[in-house]
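*Asks:* Data: protein35.cif, mmCIF, C-alpha atoms and all ligand atoms.
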data_protein
#
loop_
_atom_site.label_atom_id
_atom_site.label_comp_id
_atom_site.auth_asym_id
_atom_site.auth_seq_id
_atom_site.Cartn_x
_atom_site.Cartn_y
_atom_site.Cartn_z
CA VAL U 1 113.68 72.86 134.46
CA PHE U 2 114.97 75.52 132.12
CA ALA U 3 118.24 76.09 133.93
CA ASN U 4 119.97 73.64 131.58
CA VAL U 5 118.77 75.17 128.33
CA VAL U 6 121.83 75.45 126.13
CA GLN U 7 122.95 78.70 124.61
CA ALA U 8 121.95 78.89 120.93
CA PRO U 9 124.42 80.36 118.45
CA GLU U 10 123.93 84.01 117.48
CA ASP U 11 122.19 84.52 114.12
CA PRO U 12 125.09 84.87 111.66
CA ILE U 13 123.64 88.02 110.07
CA LEU U 14 121.95 89.77 113.00
CA GLY U 15 124.91 88.78 115.19
CA VAL U 16 127.08 91.17 113.17
CA THR U 17 125.03 94.10 114.50
CA VAL U 18 125.25 92.76 118.06
CA ALA U 19 129.06 92.81 117.78
CA TYR U 20 129.01 96.23 116.08
CA ASN U 21 126.87 97.74 118.86
CA LYS U 22 129.41 96.61 121.44
CA ASP U 23 132.33 98.29 119.64
CA PRO U 24 133.12 101.72 121.18
CA SER U 25 135.26 102.92 118.23
CA PRO U 26 133.96 106.12 116.52
CA ALA U 27 135.28 104.79 113.19
CA LYS U 28 133.10 101.67 113.30
CA LEU U 29 131.09 100.78 110.22
CA ASN U 30 128.27 98.24 110.00
CA LEU U 31 128.04 96.63 106.56
CA GLY U 32 126.38 93.49 107.87
CA VAL U 33 122.65 93.92 107.88
CA GLY U 34 120.76 94.64 104.69
CA ALA U 35 118.94 97.79 105.69
CA TYR U 36 119.14 101.01 103.69
CA ARG U 37 121.03 103.96 105.13
CA THR U 38 121.21 107.50 103.79
CA GLU U 39 124.40 109.22 102.69
CA GLU U 40 124.56 110.42 106.32
CA GLY U 41 124.42 106.83 107.53
CA LYS U 42 120.89 107.21 108.93
CA PRO U 43 117.84 104.97 108.51
CA ILE U 44 114.96 106.64 106.67
CA VAL U 45 111.22 106.48 106.47
CA LEU U 46 110.16 107.29 102.89
CA ASN U 47 108.17 110.52 102.47
CA VAL U 48 105.50 108.60 100.66
CA VAL U 49 105.13 106.29 103.65
CA ARG U 50 104.76 109.26 106.00
CA LYS U 51 102.08 110.68 103.69
CA ALA U 52 100.17 107.41 103.49
CA GLU U 53 100.33 107.10 107.28
CA GLN U 54 98.95 110.62 107.65
CA LEU U 55 96.06 109.75 105.36
CA LEU U 56 95.34 106.66 107.43
CA VAL U 57 95.43 108.61 110.70
CA ASN U 58 92.93 111.12 109.30
CA ASP U 59 90.62 108.46 107.91
CA PRO U 60 87.90 107.60 110.46
CA SER U 61 87.15 104.36 108.61
CA HIS U 62 90.71 103.14 109.22
CA LEU U 63 90.37 101.10 112.40
CA LYS U 64 92.50 98.64 114.31
CA GLU U 65 90.18 95.68 113.85
CA TYR U 66 91.48 92.21 113.06
CA LEU U 67 92.17 91.57 109.41
CA PRO U 68 90.87 88.38 107.79
CA ILE U 69 93.22 85.38 108.10
CA LEU U 70 94.70 85.99 104.65
CA GLY U 71 95.00 89.74 105.16
CA LEU U 72 93.78 92.90 103.49
CA ALA U 73 91.94 92.05 100.25
CA ASP U 74 92.94 95.29 98.49
CA PHE U 75 96.57 94.78 99.39
CA ASN U 76 96.50 91.21 98.08
CA LYS U 77 95.13 92.23 94.68
CA LEU U 78 97.52 95.14 94.30
CA THR U 79 100.59 93.24 95.42
CA ALA U 80 99.95 90.47 92.90
CA LYS U 81 99.64 93.08 90.14
CA LEU U 82 102.84 94.74 91.25
CA ILE U 83 104.93 91.61 90.85
CA LEU U 84 103.11 90.11 87.86
CA GLY U 85 102.08 93.22 85.91
CA ALA U 86 98.51 94.41 85.53
CA ASP U 87 98.05 92.50 82.28
CA SER U 88 99.36 89.20 83.62
CA PRO U 89 97.37 86.23 82.34
CA ALA U 90 97.44 84.71 85.83
CA VAL U 91 95.65 87.77 87.21
CA LEU U 92 93.18 88.08 84.32
CA GLU U 93 92.33 84.39 84.51
CA ASN U 94 92.09 84.33 88.28
CA ARG U 95 94.71 81.60 88.52
CA ILE U 96 96.15 83.06 91.66
CA ALA U 97 95.64 83.07 95.40
CA THR U 98 97.45 85.72 97.45
CA ALA U 99 97.85 85.89 101.21
CA GLN U 100 99.27 88.86 103.08
CA CYS U 101 101.99 87.41 105.31
CA LEU U 102 104.66 88.58 107.73
CA SER U 103 107.09 90.11 105.26
CA GLY U 104 109.25 87.96 103.01
CA THR U 105 110.23 85.49 105.71
CA GLY U 106 106.64 84.81 106.77
CA SER U 107 105.58 84.39 103.15
CA LEU U 108 108.32 81.81 102.55
CA ARG U 109 107.36 80.01 105.74
CA VAL U 110 103.62 79.87 104.97
CA GLY U 111 104.45 78.75 101.43
CA SER U 112 106.60 75.91 102.68
CA GLU U 113 103.98 74.69 105.14
CA PHE U 114 101.38 74.75 102.39
CA LEU U 115 103.70 72.72 100.15
CA ALA U 116 104.48 70.26 102.92
CA ARG U 117 100.74 69.63 103.34
CA HIS U 118 99.51 69.70 99.76
CA TYR U 119 102.35 68.97 97.39
CA HIS U 120 103.61 65.48 96.61
CA GLN U 121 107.32 66.45 96.59
CA HIS U 122 108.84 67.70 99.83
CA THR U 123 112.31 68.53 98.54
CA ILE U 124 113.27 72.13 97.90
CA TYR U 125 116.49 73.04 96.10
CA ILE U 126 118.06 76.31 97.17
CA PRO U 127 121.01 78.09 95.54
CA GLN U 128 124.50 77.63 96.94
CA PRO U 129 125.08 80.11 98.54
CA THR U 130 121.84 81.78 99.56
CA TRP U 131 120.37 83.99 102.28
CA GLY U 132 121.34 82.26 105.55
CA ASN U 133 117.78 82.02 106.81
CA HIS U 134 116.45 80.09 103.80
CA PRO U 135 117.42 76.56 104.91
CA LYS U 136 116.03 77.18 108.39
CA VAL U 137 112.74 78.60 107.13
CA PHE U 138 112.13 75.70 104.77
CA THR U 139 113.20 73.03 107.24
CA SER U 140 110.94 74.52 109.91
CA GLY U 141 108.17 74.60 107.30
CA GLY U 142 108.44 70.84 106.80
CA LEU U 143 110.49 70.61 103.60
CA ASN U 144 113.75 68.78 102.92
CA VAL U 145 116.43 71.17 101.78
CA LYS U 146 119.00 70.40 99.09
CA SER U 147 121.13 72.83 97.17
CA TYR U 148 122.03 73.53 93.57
CA ARG U 149 125.22 75.15 92.31
CA TYR U 150 124.81 78.85 91.68
CA TYR U 151 127.98 80.87 92.19
CA ASP U 152 131.38 80.30 90.69
CA PRO U 153 134.05 81.87 92.93
CA THR U 154 136.67 81.75 90.17
CA THR U 155 134.65 83.96 87.80
CA ARG U 156 132.69 85.65 90.60
CA GLY U 157 129.71 85.05 88.33
CA LEU U 158 126.91 82.56 87.74
CA ASP U 159 127.78 78.86 87.49
CA LEU U 160 125.14 78.29 84.84
CA GLN U 161 126.47 74.89 83.83
CA GLY U 162 126.47 73.66 87.42
CA LEU U 163 123.02 75.09 88.01
CA LEU U 164 121.54 73.38 84.95
CA GLU U 165 123.25 70.06 85.77
CA ASP U 166 121.98 70.08 89.35
CA LEU U 167 118.42 70.99 88.42
CA ASN U 168 118.49 68.42 85.65
CA ALA U 169 119.44 65.79 88.21
CA ALA U 170 116.75 66.90 90.69
CA ASP U 171 113.86 64.55 91.38
CA ALA U 172 110.91 65.39 89.14
CA GLY U 173 108.51 67.77 90.79
CA SER U 174 111.02 69.16 93.28
CA VAL U 175 110.51 72.72 94.41
CA VAL U 176 113.28 75.14 93.35
CA LEU U 177 113.93 78.42 95.08
CA PHE U 178 115.03 81.35 92.93
CA HIS U 179 115.88 84.87 93.99
CA ALA U 180 113.73 87.01 91.69
CA CYS U 181 116.49 89.62 91.44
CA ALA U 182 119.51 90.91 93.36
CA HIS U 183 120.61 87.48 94.59
CA ASN U 184 121.61 87.60 98.24
CA PRO U 185 124.50 87.28 99.09
CA THR U 186 126.25 87.17 95.70
CA GLY U 187 124.63 90.05 93.77
CA VAL U 188 124.83 87.75 90.73
CA ASP U 189 121.65 87.32 88.67
CA PRO U 190 121.11 85.27 85.51
CA THR U 191 120.76 87.30 82.31
CA PRO U 192 117.34 87.16 80.57
CA GLU U 193 118.77 84.56 78.15
CA GLN U 194 120.04 82.45 81.05
CA TRP U 195 116.68 82.75 82.82
CA GLU U 196 115.05 81.45 79.65
CA GLN U 197 117.34 78.40 79.65
CA ILE U 198 116.54 77.83 83.32
CA ARG U 199 112.82 78.23 82.67
CA GLN U 200 112.85 75.66 79.89
CA LEU U 201 114.63 73.14 82.09
CA VAL U 202 112.31 73.80 85.04
CA ARG U 203 109.23 73.28 82.90
CA SER U 204 110.56 70.26 81.03
CA LYS U 205 111.48 68.54 84.31
CA GLY U 206 108.20 69.51 85.95
CA LEU U 207 109.98 71.35 88.77
CA LEU U 208 108.03 73.88 90.81
CA PRO U 209 109.58 77.37 90.91
CA PHE U 210 109.35 79.31 94.18
CA PHE U 211 110.48 82.94 93.72
CA ASP U 212 111.75 84.96 96.63
CA SER U 213 111.24 88.61 95.68
CA ALA U 214 112.78 90.66 98.47
CA TYR U 215 114.26 93.45 96.34
CA GLN U 216 111.78 94.40 93.61
CA GLY U 217 112.75 97.89 92.40
CA PHE U 218 115.77 97.98 94.64
CA ALA U 219 118.14 96.33 92.18
CA SER U 220 117.70 98.31 88.95
CA GLY U 221 115.48 101.09 90.27
CA SER U 222 112.64 99.79 88.07
CA LEU U 223 109.85 97.69 89.57
CA ASP U 224 109.05 96.14 86.19
CA GLU U 225 112.61 95.28 85.28
CA ASP U 226 113.23 93.58 88.62
CA ALA U 227 110.13 91.43 88.12
CA GLN U 228 111.14 90.12 84.70
CA SER U 229 112.31 86.71 85.87
CA VAL U 230 109.04 86.02 87.68
CA ARG U 231 106.95 87.29 84.79
CA MET U 232 108.81 85.05 82.37
CA PHE U 233 107.83 82.00 84.39
CA VAL U 234 104.25 83.14 84.86
CA ALA U 235 103.81 84.03 81.18
CA ASP U 236 104.23 80.40 80.16
CA GLY U 237 101.05 79.53 82.02
CA GLY U 238 102.76 77.19 84.47
CA GLU U 239 102.68 76.89 88.24
CA CYS U 240 104.65 79.16 90.48
CA PHE U 241 105.01 80.32 94.09
CA ILE U 242 106.08 83.87 94.92
CA ALA U 243 107.08 85.43 98.24
CA GLN U 244 107.19 89.25 98.26
CA SER U 245 108.60 91.64 100.81
CA TYR U 246 108.10 95.38 101.26
CA ALA U 247 110.93 95.63 103.78
CA LYS U 248 113.51 97.04 101.38
CA ASN U 249 111.59 98.63 98.54
CA MET U 250 109.20 100.59 100.77
CA GLY U 251 111.49 100.66 103.79
CA LEU U 252 108.83 98.91 105.89
CA TYR U 253 111.29 96.53 107.59
CA GLY U 254 109.70 96.40 111.02
CA GLU U 255 106.12 96.59 109.80
CA ARG U 256 106.47 93.03 108.48
CA VAL U 257 104.48 93.36 105.30
CA GLY U 258 104.71 90.90 102.45
CA ALA U 259 102.70 88.36 100.50
CA LEU U 260 102.63 84.79 99.31
CA SER U 261 101.09 84.16 95.90
CA ILE U 262 100.31 80.74 94.54
CA ILE U 263 99.67 80.45 90.81
CA TRP U 264 98.30 77.34 89.20
CA ILE U 265 97.88 76.21 85.60
CA PHE U 266 94.84 76.22 83.37
CA THR U 267 92.34 73.53 83.93
CA TRP U 268 90.12 72.54 81.07
CA PHE U 269 86.83 74.01 82.05
CA PHE U 270 84.82 76.79 80.55
CA LYS U 271 84.25 79.81 82.73
CA PRO U 272 81.19 81.59 81.35
CA ALA U 273 82.03 84.92 83.00
CA LEU U 274 84.99 85.46 80.66
CA ASP U 275 84.47 87.21 77.38
CA TRP U 276 84.17 85.16 74.23
CA LYS U 277 87.05 86.68 72.33
CA TYR U 278 89.33 86.06 75.23
CA TRP U 279 88.14 82.51 75.55
CA PHE U 280 88.73 81.91 71.87
CA ARG U 281 92.22 83.37 71.90
CA HIS U 282 93.22 81.04 74.66
CA GLU U 283 92.09 77.95 72.76
CA LYS U 284 89.22 77.39 75.17
CA LYS U 285 91.68 76.52 77.92
CA VAL U 286 89.89 78.71 80.36
CA CYS U 287 89.92 77.60 83.91
CA LYS U 288 87.25 77.06 86.42
CA ALA U 289 89.40 79.31 88.49
CA ALA U 290 87.13 80.48 91.26
CA ASP U 291 86.85 76.90 92.48
CA VAL U 292 90.56 76.32 92.76
CA ALA U 293 91.09 79.73 94.37
CA SER U 294 88.53 78.99 97.00
CA ARG U 295 90.08 75.60 97.81
CA VAL U 296 93.66 76.88 97.89
CA GLU U 297 92.67 79.85 100.06
CA SER U 298 90.76 77.62 102.45
CA GLN U 299 93.89 75.53 102.98
CA LEU U 300 96.13 78.58 103.34
CA LYS U 301 93.84 79.71 106.15
CA LEU U 302 94.45 76.42 107.92
CA VAL U 303 98.18 77.07 107.78
CA VAL U 304 97.97 80.66 109.02
CA ARG U 305 95.27 80.49 111.69
CA PRO U 306 97.16 78.36 114.23
CA MET U 307 100.46 80.15 113.46
CA TYR U 308 99.61 83.83 114.01
CA SER U 309 95.86 83.99 113.43
CA ASN U 310 95.93 86.95 111.06
CA PRO U 311 98.51 89.47 109.82
CA PRO U 312 99.08 93.04 111.07
CA ILE U 313 96.99 95.83 109.56
CA HIS U 314 99.21 98.89 109.57
CA GLY U 315 101.94 98.08 107.03
CA ALA U 316 99.56 96.49 104.54
CA SER U 317 97.29 99.55 104.73
CA ILE U 318 100.25 101.80 103.90
CA VAL U 319 101.25 99.66 100.93
CA ALA U 320 97.66 99.46 99.65
CA LYS U 321 97.34 103.27 99.82
CA VAL U 322 100.57 103.78 97.90
CA LEU U 323 99.80 101.18 95.24
CA LYS U 324 96.26 102.45 94.72
CA ASP U 325 96.93 106.16 94.34
CA LYS U 326 98.71 107.30 91.18
CA ASP U 327 100.43 110.29 92.81
CA LEU U 328 101.65 108.30 95.78
CA TYR U 329 102.77 105.49 93.50
CA ASP U 330 104.79 107.90 91.35
CA GLU U 331 106.34 109.43 94.42
CA TRP U 332 107.26 105.96 95.68
CA THR U 333 108.93 104.93 92.44
CA ALA U 334 110.98 108.15 92.46
CA GLU U 335 112.13 107.57 96.05
CA LEU U 336 112.84 103.93 95.29
CA LYS U 337 114.96 104.87 92.30
CA GLY U 338 116.82 107.34 94.51
CA MET U 339 117.77 104.51 96.91
CA ALA U 340 118.75 102.15 94.08
CA ASP U 341 120.84 104.85 92.39
CA ARG U 342 122.67 105.69 95.60
CA ILE U 343 123.64 102.04 95.97
CA ILE U 344 124.83 101.88 92.37
CA SER U 345 126.91 105.00 92.95
CA MET U 346 128.48 103.42 96.06
CA ARG U 347 129.58 100.49 93.90
CA GLN U 348 131.31 102.83 91.49
CA GLN U 349 132.94 104.83 94.29
CA LEU U 350 134.29 101.75 96.02
CA PHE U 351 135.59 100.34 92.76
CA ASP U 352 137.29 103.66 91.93
CA ALA U 353 138.82 103.89 95.40
CA LEU U 354 140.37 100.40 95.12
CA THR U 355 141.62 101.15 91.62
CA ALA U 356 143.19 104.39 92.86
CA ARG U 357 144.99 102.45 95.62
CA GLY U 358 146.22 99.85 93.14
CA THR U 359 144.70 97.14 95.31
CA PRO U 360 145.80 93.79 93.82
CA GLY U 361 143.11 91.74 92.11
CA ASP U 362 140.19 92.28 89.77
CA TRP U 363 137.46 94.27 91.56
CA SER U 364 135.15 94.72 88.58
CA HIS U 365 132.60 92.39 90.24
CA ILE U 366 131.80 95.29 92.58
CA ILE U 367 130.23 97.20 89.71
CA LYS U 368 128.89 94.12 87.92
CA GLN U 369 126.97 92.69 90.87
CA ILE U 370 123.40 93.80 91.43
CA GLY U 371 121.34 94.95 94.38
CA MET U 372 122.08 95.66 97.98
CA PHE U 373 125.11 93.43 98.49
CA THR U 374 128.58 92.95 97.13
CA PHE U 375 130.11 89.53 97.53
CA THR U 376 133.63 90.85 97.87
CA GLY U 377 135.55 87.58 97.67
CA LEU U 378 137.28 88.43 100.98
CA ASN U 379 137.81 85.33 103.10
CA ALA U 380 136.85 84.83 106.76
CA GLU U 381 140.36 85.64 107.95
CA GLN U 382 140.42 88.93 106.01
CA VAL U 383 136.95 89.75 107.32
CA SER U 384 138.10 89.26 110.88
CA PHE U 385 141.25 91.35 110.23
CA MET U 386 139.06 94.22 108.99
CA ARG U 387 136.83 93.91 112.03
CA ASN U 388 139.74 93.90 114.50
CA GLU U 389 141.91 96.54 112.85
CA TYR U 390 139.41 98.81 111.06
CA HIS U 391 136.17 98.25 113.03
CA ILE U 392 134.36 97.30 109.82
CA TYR U 393 131.65 94.69 110.31
CA MET U 394 130.35 92.28 107.67
CA THR U 395 129.23 88.65 107.48
CA SER U 396 132.07 86.13 107.54
CA ASP U 397 131.45 85.17 103.88
CA GLY U 398 132.73 88.62 102.85
CA ARG U 399 129.32 90.05 101.96
CA ILE U 400 129.00 93.81 102.40
CA SER U 401 125.84 95.84 102.32
CA MET U 402 126.40 98.67 99.84
CA ALA U 403 123.43 100.46 101.37
CA GLY U 404 125.42 100.91 104.58
CA LEU U 405 128.21 102.82 102.78
CA SER U 406 128.50 106.53 102.03
CA SER U 407 130.96 108.76 100.17
CA ARG U 408 132.45 109.59 103.56
CA THR U 409 133.07 105.95 104.55
CA VAL U 410 134.21 104.55 101.17
CA PRO U 411 137.88 105.58 101.69
CA HIS U 412 137.97 103.87 105.12
CA LEU U 413 136.58 100.66 103.60
CA ALA U 414 138.95 100.83 100.62
CA ASP U 415 141.93 101.30 102.98
CA ALA U 416 140.79 98.29 105.00
CA ILE U 417 140.31 96.05 101.95
CA HIS U 418 143.68 97.14 100.59
CA ALA U 419 145.37 96.34 103.90
CA ALA U 420 143.56 92.98 104.16
CA VAL U 421 144.62 91.76 100.73
CA THR U 422 148.19 93.08 100.84
CA ARG U 423 149.05 91.76 104.29
N1 LIG G 501 114.75 86.80 101.15
C1 LIG G 501 115.94 87.38 100.97
C2 LIG G 501 116.79 86.92 99.84
C3 LIG G 501 116.37 88.38 101.83
O1 LIG G 501 117.55 88.95 101.62
C4 LIG G 501 115.52 88.79 102.88
C5 LIG G 501 115.92 89.86 103.83
N2 LIG G 501 117.21 89.98 104.16
C6 LIG G 501 114.28 88.15 103.01
C7 LIG G 501 113.94 87.16 102.13
C8 LIG G 501 113.28 88.44 104.08
O2 LIG G 501 113.16 89.67 104.56
P1 LIG G 501 111.90 90.16 105.37
O3 LIG G 501 111.34 89.00 106.09
O4 LIG G 501 112.44 91.20 106.25
O5 LIG G 501 110.97 90.69 104.34
#
Could you show the structure in this file as structure tokens?
*Replies:*
Amino acid sequence: VFANVVQAPEDPILGVTVAYNKDPSPAKLNLGVGAYRTEEGKPIVLNVVRKAEQLLVNDPSHLKEYLPILGLADFNKLTAKLILGADSPAVLENRIATAQCLSGTGSLRVGSEFLARHYHQHTIYIPQPTWGNHPKVFTSGGLNVKSYRYYDPTTRGLDLQGLLEDLNAADAGSVVLFHACAHNPTGVDPTPEQWEQIRQLVRSKGLLPFFDSAYQGFASGSLDEDAQSVRMFVADGGECFIAQSYAKNMGLYGERVGALSIIWIFTWFFKPALDWKYWFRHEKKVCKAADVASRVESQLKLVVRPMYSNPPIHGASIVAKVLKDKDLYDEWTAELKGMADRIISMRQQLFDALTARGTPGDWSHIIKQIGMFTFTGLNAEQVSFMRNEYHIYMTSDGRISMAGLSSRTVPHLADAIHAAVTR
């Protein structure tokens, strides 16, 4: 009965690596997949991760039992604080439910199923362009996907006007996906002032923001700075969904560790456990939070249980150890900054190499864009030329992973880009 199953198309991003692996050329270069590589072109496991793993191995209380459906409680608390800040009103007021999920993708997927079951609006607007998996994740999760303008190819920057017009025209209550930082694939993020304009529109239209935070700390090197957009939306007391991933910033790609957080607004009940001064400052708008948390969590469990029962223990235990221990945390932030700085230096080196070759065109976007990727502006035909003639692999939209470059390979890439645009 399965003999007639039709061949599905290769995943457009992972398919790049499949093609790269088949290429016998020693000069080949994979700039397709967004995984960090060292200056030597090697994958790394962070020292801090090795240390945390050692501590776990030596800890007799660290077992391999099932986790609860929503994951490791310590991890959930710490991960919410990491994205929102320890003094976030949403954390202090208990207006948040967090579930450990299968990395960023799993968190987005659980979030969309929850929305499909419990939210009145089933349309989600995603930026154009966006990470290729987004539309599939949300459609599979039961939402209807529409897009909003985001990138302007003529300026290689943000199409703020288009973005605001499209969100203004969205049906009230629609969900809107934002990349918290380091937009993939464009590397173009709104400035804080632009975020503020977007926030005001989102709140005035009653749209529901869903942040995808796959690169916290990886863009600027600072965990706090890369969380500013999310914190701006949470600080206004409104509703928000957040999907976090530890794939990039802790290098835990294959451990599949991430989290979904759901934040809701104040309800007008008095919660006696909170201190009086606090209650007064917040104009008595203190929520009967424990109730909502318990109901939201109970429904999240119903989404997760039939999907994968409960999440894996190892990666979340590593993250919890690192976030809990001041020395490990400091070591992590230093290693994280090292990765972010290397990427920033690759941008400069590539830009300098193209300038030195006199490659036609303005390449300043390479140093202006943020995060792991550069959206080069190369077209599909130029991309395929570079693959055939220079054995350089990237997605057909011209996106290159800066993390896959090194000082040694920059000249090869610059030669290839020069040849592609001067053909
Ligand atoms: N969102 C964005 C924007 C991404 O770039 C990625 C990874 N490429 C993810 C989510 C999900 O990654 P993971 O599931 O590995 O955490």
*Asks:* Would you list the residues that come within 9 Å of ligand LIG 501 (chain G)? Count only C-alpha atoms and all ligand atoms and give the answer as a compact mmCIF listing (two decimals) with C-alpha atoms, in the coordinates of the input.
*Replies:*
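Wrote pocket.txt, looks like this:
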# COMPACT_ATOMS: atom_id res chain seq x y z
CA ILE U 13 123.64 88.02 110.07
CA VAL U 33 122.65 93.92 107.88
CA GLY U 34 120.76 94.64 104.69
CA ALA U 35 118.94 97.79 105.69
CA LEU U 102 104.66 88.58 107.73
CA SER U 103 107.09 90.11 105.26
CA GLY U 104 109.25 87.96 103.01
CA THR U 105 110.23 85.49 105.71
CA GLY U 106 106.64 84.81 106.77
CA SER U 107 105.58 84.39 103.15
CA LEU U 108 108.32 81.81 102.55
CA THR U 130 121.84 81.78 99.56
CA TRP U 131 120.37 83.99 102.28
CA GLY U 132 121.34 82.26 105.55
CA ASN U 133 117.78 82.02 106.81
CA HIS U 134 116.45 80.09 103.80
CA HIS U 179 115.88 84.87 93.99
CA ALA U 180 113.73 87.01 91.69
CA CYS U 181 116.49 89.62 91.44
CA ALA U 182 119.51 90.91 93.36
CA HIS U 183 120.61 87.48 94.59
CA ASN U 184 121.61 87.60 98.24
CA PRO U 185 124.50 87.28 99.09
CA ASP U 212 111.75 84.96 96.63
CA SER U 213 111.24 88.61 95.68
CA ALA U 214 112.78 90.66 98.47
CA TYR U 215 114.26 93.45 96.34
CA ALA U 243 107.08 85.43 98.24
CA GLN U 244 107.19 89.25 98.26
CA SER U 245 108.60 91.64 100.81
CA TYR U 246 108.10 95.38 101.26
CA ALA U 247 110.93 95.63 103.78
CA LYS U 248 113.51 97.04 101.38
CA LEU U 252 108.83 98.91 105.89
CA TYR U 253 111.29 96.53 107.59
CA GLY U 254 109.70 96.40 111.02
CA ARG U 256 106.47 93.03 108.48
CA VAL U 257 104.48 93.36 105.30
CA GLY U 258 104.71 90.90 102.45
CA MET U 372 122.08 95.66 97.98
*Asks:* Excluding U:Lys368 and any residue of its chain fewer than 5 positions from it, enumerate the residues within 10 Å of it, using all atoms listed in the file, and give them as a PyMOL selection string.
*Replies:* chain U and resi 156-157+187-189+344+347-348+363+374
*Asks:* Using only C-alpha atoms, find the one residue out of U:Pro26, U:Pro127, U:Pro153, U:Gly315 that sits nearest to U:Phe210.
*Replies:*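 The answer is U:Pro127, which sits nearest to U:Phe210.
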*Asks:* Quote the spacing between atom CA of U:Ser407 and atom CA of U:Arg50 in Å to one decimal place.
*Replies:*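 Atom CA of U:Ser407 sits 26.8 Å away from atom CA of U:Arg50.
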*Asks:* Give me the residues within 12 Å of stretch 323-335 of chain U as a PyMOL selection string, counting all atoms listed in the file and dropping any in the same chain fewer than 3 places off.
*Replies:* chain U and resi 38+44-53+55+74-83+86+216-218+220-224+246+248-251+316-320+338-342
*Asks:* Now that the selection is made, can you save its residues with C-alpha atoms as a PDB file, in the coordinates of the input?
*Replies:*
ATOM      1  CA  THR U  38     121.210 107.500 103.790  1.00  0.00           C
ATOM      2  CA  ILE U  44     114.960 106.640 106.670  1.00  0.00           C
ATOM      3  CA  VAL U  45     111.220 106.480 106.470  1.00  0.00           C
ATOM      4  CA  LEU U  46     110.160 107.290 102.890  1.00  0.00           C
ATOM      5  CA  ASN U  47     108.170 110.520 102.470  1.00  0.00           C
ATOM      6  CA  VAL U  48     105.500 108.600 100.660  1.00  0.00           C
ATOM      7  CA  VAL U  49     105.130 106.290 103.650  1.00  0.00           C
ATOM      8  CA  ARG U  50     104.760 109.260 106.000  1.00  0.00           C
ATOM      9  CA  LYS U  51     102.080 110.680 103.690  1.00  0.00           C
ATOM     10  CA  ALA U  52     100.170 107.410 103.490  1.00  0.00           C
ATOM     11  CA  GLU U  53     100.330 107.100 107.280  1.00  0.00           C
ATOM     12  CA  LEU U  55      96.060 109.750 105.360  1.00  0.00           C
ATOM     13  CA  ASP U  74      92.940  95.290  98.490  1.00  0.00           C
ATOM     14  CA  PHE U  75      96.570  94.780  99.390  1.00  0.00           C
ATOM     15  CA  ASN U  76      96.500  91.210  98.080  1.00  0.00           C
ATOM     16  CA  LYS U  77      95.130  92.230  94.680  1.00  0.00           C
ATOM     17  CA  LEU U  78      97.520  95.140  94.300  1.00  0.00           C
ATOM     18  CA  THR U  79     100.590  93.240  95.420  1.00  0.00           C
ATOM     19  CA  ALA U  80      99.950  90.470  92.900  1.00  0.00           C
ATOM     20  CA  LYS U  81      99.640  93.080  90.140  1.00  0.00           C
ATOM     21  CA  LEU U  82     102.840  94.740  91.250  1.00  0.00           C
ATOM     22  CA  ILE U  83     104.930  91.610  90.850  1.00  0.00           C
ATOM     23  CA  ALA U  86      98.510  94.410  85.530  1.00  0.00           C
ATOM     24  CA  GLN U 216     111.780  94.400  93.610  1.00  0.00           C
ATOM     25  CA  GLY U 217     112.750  97.890  92.400  1.00  0.00           C
ATOM     26  CA  PHE U 218     115.770  97.980  94.640  1.00  0.00           C
ATOM     27  CA  SER U 220     117.700  98.310  88.950  1.00  0.00           C
ATOM     28  CA  GLY U 221     115.480 101.090  90.270  1.00  0.00           C
ATOM     29  CA  SER U 222     112.640  99.790  88.070  1.00  0.00           C
ATOM     30  CA  LEU U 223     109.850  97.690  89.570  1.00  0.00           C
ATOM     31  CA  ASP U 224     109.050  96.140  86.190  1.00  0.00           C
ATOM     32  CA  TYR U 246     108.100  95.380 101.260  1.00  0.00           C
ATOM     33  CA  LYS U 248     113.510  97.040 101.380  1.00  0.00           C
ATOM     34  CA  ASN U 249     111.590  98.630  98.540  1.00  0.00           C
ATOM     35  CA  MET U 250     109.200 100.590 100.770  1.00  0.00           C
ATOM     36  CA  GLY U 251     111.490 100.660 103.790  1.00  0.00           C
ATOM     37  CA  ALA U 316      99.560  96.490 104.540  1.00  0.00           C
ATOM     38  CA  SER U 317      97.290  99.550 104.730  1.00  0.00           C
ATOM     39  CA  ILE U 318     100.250 101.800 103.900  1.00  0.00           C
ATOM     40  CA  VAL U 319     101.250  99.660 100.930  1.00  0.00           C
ATOM     41  CA  ALA U 320      97.660  99.460  99.650  1.00  0.00           C
ATOM     42  CA  GLY U 338     116.820 107.340  94.510  1.00  0.00           C
ATOM     43  CA  MET U 339     117.770 104.510  96.910  1.00  0.00           C
ATOM     44  CA  ALA U 340     118.750 102.150  94.080  1.00  0.00           C
ATOM     45  CA  ASP U 341     120.840 104.850  92.390  1.00  0.00           C
ATOM     46  CA  ARG U 342     122.670 105.690  95.600  1.00  0.00           C
TER      47      ARG U 342
END
*Asks:* Could you jot down the atom CA of U:Gly404 to atom CA of U:Gly377 separation for me, Å, one decimal place?
*Replies:*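 Atom CA of U:Gly377 lies 18.1 Å from atom CA of U:Gly404.
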*Asks:* Just want the 12 Å neighbourhood of U:Tyr20, counted on only C-alpha atoms, with same-chain residues fewer than 4 positions away dropped. Output as a list in words.
*Replies:*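 Here the answer would be Ile13, Leu14, Gly15, Val16, Pro24, Ser25, Pro26, Ala27, Lys28, Leu29, Asn30, Leu31, Gly32, Val33, Arg387, Asn388, Tyr390, His391, Ile392, Tyr393, Met394 and Thr395 of chain U.
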